[in-house]
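Written below as structure tokens is the structure these notes are about.
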Amino acid sequence: MSSKKFIAVVFGCFLLVVGFVGGVNYLVDPLWTFNHSNQFNNAQNGFDERQQKTNYVYNRGLDEFDGILLGSSRTTFYNQNDFGDMKIYNYASSSMFPYEYKGYINFAKEIKGKDFKYIIIGADFFGTNVPKDVKFENPEFYIKNTTSFSYRYKMLLSTDALKKSIVNIKNTLKSGQEYYDRNNVKYQPKVSESERLERYTTNLKRHTMELSYPKYVYNENYLDILKEIKRDNPNTKFIIFTSAITSDLLVSIIKNGNRMQEYERWLRELIEVFGEVHHFMTINSITKNLENYPDDDHAYPHIVKFAANKIANIENSNIPEDFGVLVTKQNIDQHLKNLKEQIKAYDLNKSAD
């Protein structure tokens, strides 16, 4: 074979490989840098939610939305279409800390071109802990990636993206997997009882330890973080709710982690800044029923729909009367008194069995 023919063959093979990688990545679009939908990309793995959702915002815009939703993985399971007349974009991501809110709010406002009518925040007690060993970058990192000129084209030719594309294709061929659709709605099929029990047992211990001394230290900047985002958005209505973790985890955090004082401080600081809180992190018929959870702290999407509907004042006869309470400056003292009595009487060992 002549050298020219050899070079032509090599170059041809190179083009085939590049074409294959680029074609598959474009078809599946695992990082949400394009807008198309098809049978191969309707079950997306949320492997990098901060980057994926920032890409979505930048490439699709937010013209149709009048609000955003922020929070941790517990909030990612909220269907953004369950808030009634409020058109909400769910910008929540795994392990999102309060110090991240400002960056994503400002970016979303820039894309929107004006202030949002609503900002909804799913507040987690873990967010009061001083951030340490954080495995995610600051918002500016993801925003810089998204807005760089060549980013989406680099992703087309990325072998790492190809691996994610293949995973997504596999997700479309089998059921039972957690996934996003192309409209930013997250799905969590019901897990087997054996898997639920394994997740519950492992994570209950881990979450309790993470919120116990010496790993837990209340963040003295927490109140100032909240005040800053409230001050920066004077024309926006803030709606705050707490995550409906299992009663078992709540009681374990308070009793085993000895965190009642910090829990009370957290609620009072939320109310000091925002006036009221839709409080679901309590002991109620939803949070006591472990069948509503695939683990110890993430309620199924059909369960958190109750919370979204209640926040939006949507009539839903399936919502238990004891699920969620609007806590204000006027009723917080009585609410905390009642909750302390409930926690004292709660048999954690019996519930876990």
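Identifiers in the structure tokens: chain A, B, ... in order shown; residue index from 1 per chain; ligand index from 1 in order shown.
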
Report as CSV: every residue of range 47-128 of chain A with an atom at most 12 Å from range 149-163 of chain A, its closest pair of atoms, and their distance in Å to one decimal, counting only C-alpha atoms, with rows sorted by chain and ascending residue number.
```
residue,atom,partner,partner_atom,distance
A:Phe47,CA,A:Ala161,CA,10.8
A:Asp48,CA,A:Ala161,CA,11.3
A:Gln51,CA,A:Tyr151,CA,11.5
A:Gln52,CA,A:Arg152,CA,11.4
A:Asn55,CA,A:Arg152,CA,9.0
A:Tyr56,CA,A:Arg152,CA,11.5
A:Tyr58,CA,A:Arg152,CA,11.2
A:Asn59,CA,A:Arg152,CA,9.9
```

Sorted per-residue table, range 215-245 of chain A near range 289-308 of chain A, closest atoms and distance, 9 Å, only C-alpha atoms, as CSV:
```
residue,atom,partner,partner_atom,distance
A:Phe241,CA,A:Ala307,CA,8.7
A:Ser243,CA,A:Asp297,CA,8.4
A:Ala244,CA,A:Ala299,CA,7.0
A:Ile245,CA,A:Asp297,CA,4.3
```

Residue contacts of range 88-101 of chain A (7 Å, only C-alpha atoms) excluding same-chain residues fewer than 5 positions away, as a PyMOL selection string: chain A and resi 49-50+53+65-73+75-76+80+127+138-139+225

Every residue of range 100-319 of chain A that DSSP places in helix (DSSP H, G or I), as a VMD selection string: chain A and resid 100 to 112 125 to 128 139 to 147 151 to 156 159 to 173 193 to 210 222 to 232 247 to 255 260 to 274 290 to 292 301 to 311

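Closest approach to Ile229 in chain A among A:Ile254, A:Ile286, A:Leu173, A:Ile121: A:Ile121, based on only C-alpha atoms.
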
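Closest approach to Arg182 in chain A among A:Met260, A:Leu16, A:Asp248, A:Asn168 is made by A:Asn168 (distances from only C-alpha atoms).
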
Distance of CA of Asn42 in chain A from CA of Asp181 in chain A, expressed in Å to one decimal place: 5.0 Å

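Computed from the coordinates, the CA of His278 in chain A to CA of Asp124 in chain A distance equals 12.3 Å.
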
Top pick for closest residue to Ile239 in chain A, considering A:Lys114, A:His279, A:Lys344, A:Arg268 and counting only C-alpha atoms: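 Under the stated criterion, the closest residue is A:His279.
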
Distance in Å - CA of Asn79 in chain A versus CA of Lys186 in chain A: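 Interatomic distance, CA of Asn79 in chain A to CA of Lys186 in chain A: 6.9 Å.
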
From A:Tyr179, A:Phe125, A:Phe116, A:Tyr142, residue lying nearest Lys237 in chain A [only C-alpha atoms]: A:Phe116

Contact residues around Phe141 in chain A with only C-alpha atoms at 12 Å, ignoring same-chain residues under 4 positions, as a list in words: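 So, after excluding close chain neighbours, the residues are Arg50, Gln51, Thr54, Glu100, Gly103, Tyr104, Phe107, Phe136, Glu137, Asn145, Thr146, Thr147 and Ser148 of chain A.
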
Neighbour list for Phe323 in chain A as a PyMOL selection string, cut-off 7 Å, only C-alpha atoms, skip fewer than 3 positions in-chain: chain A and resi 280+284-286+319-320

Residue nearest Tyr118 in chain A among A:Lys337, A:Arg74, A:Lys215, A:Lys230 (counting only C-alpha atoms): A:Lys230

Residue list (strand (DSSP E), DSSP) for range 146-339 of chain A, as a list in words: Tyr179, Tyr180, Lys186, Tyr187, Lys237, Phe238, Ile239, Ile240, Phe241, Thr242, Glu276, Val277, His278, His279, Val325, Leu326, Val327 and Thr328 of chain A

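Across A:Ile111, A:Asp82, A:Val21, A:Ile332, the tightest approach to Val57 in chain A is made by A:Ile111 when counting only C-alpha atoms.
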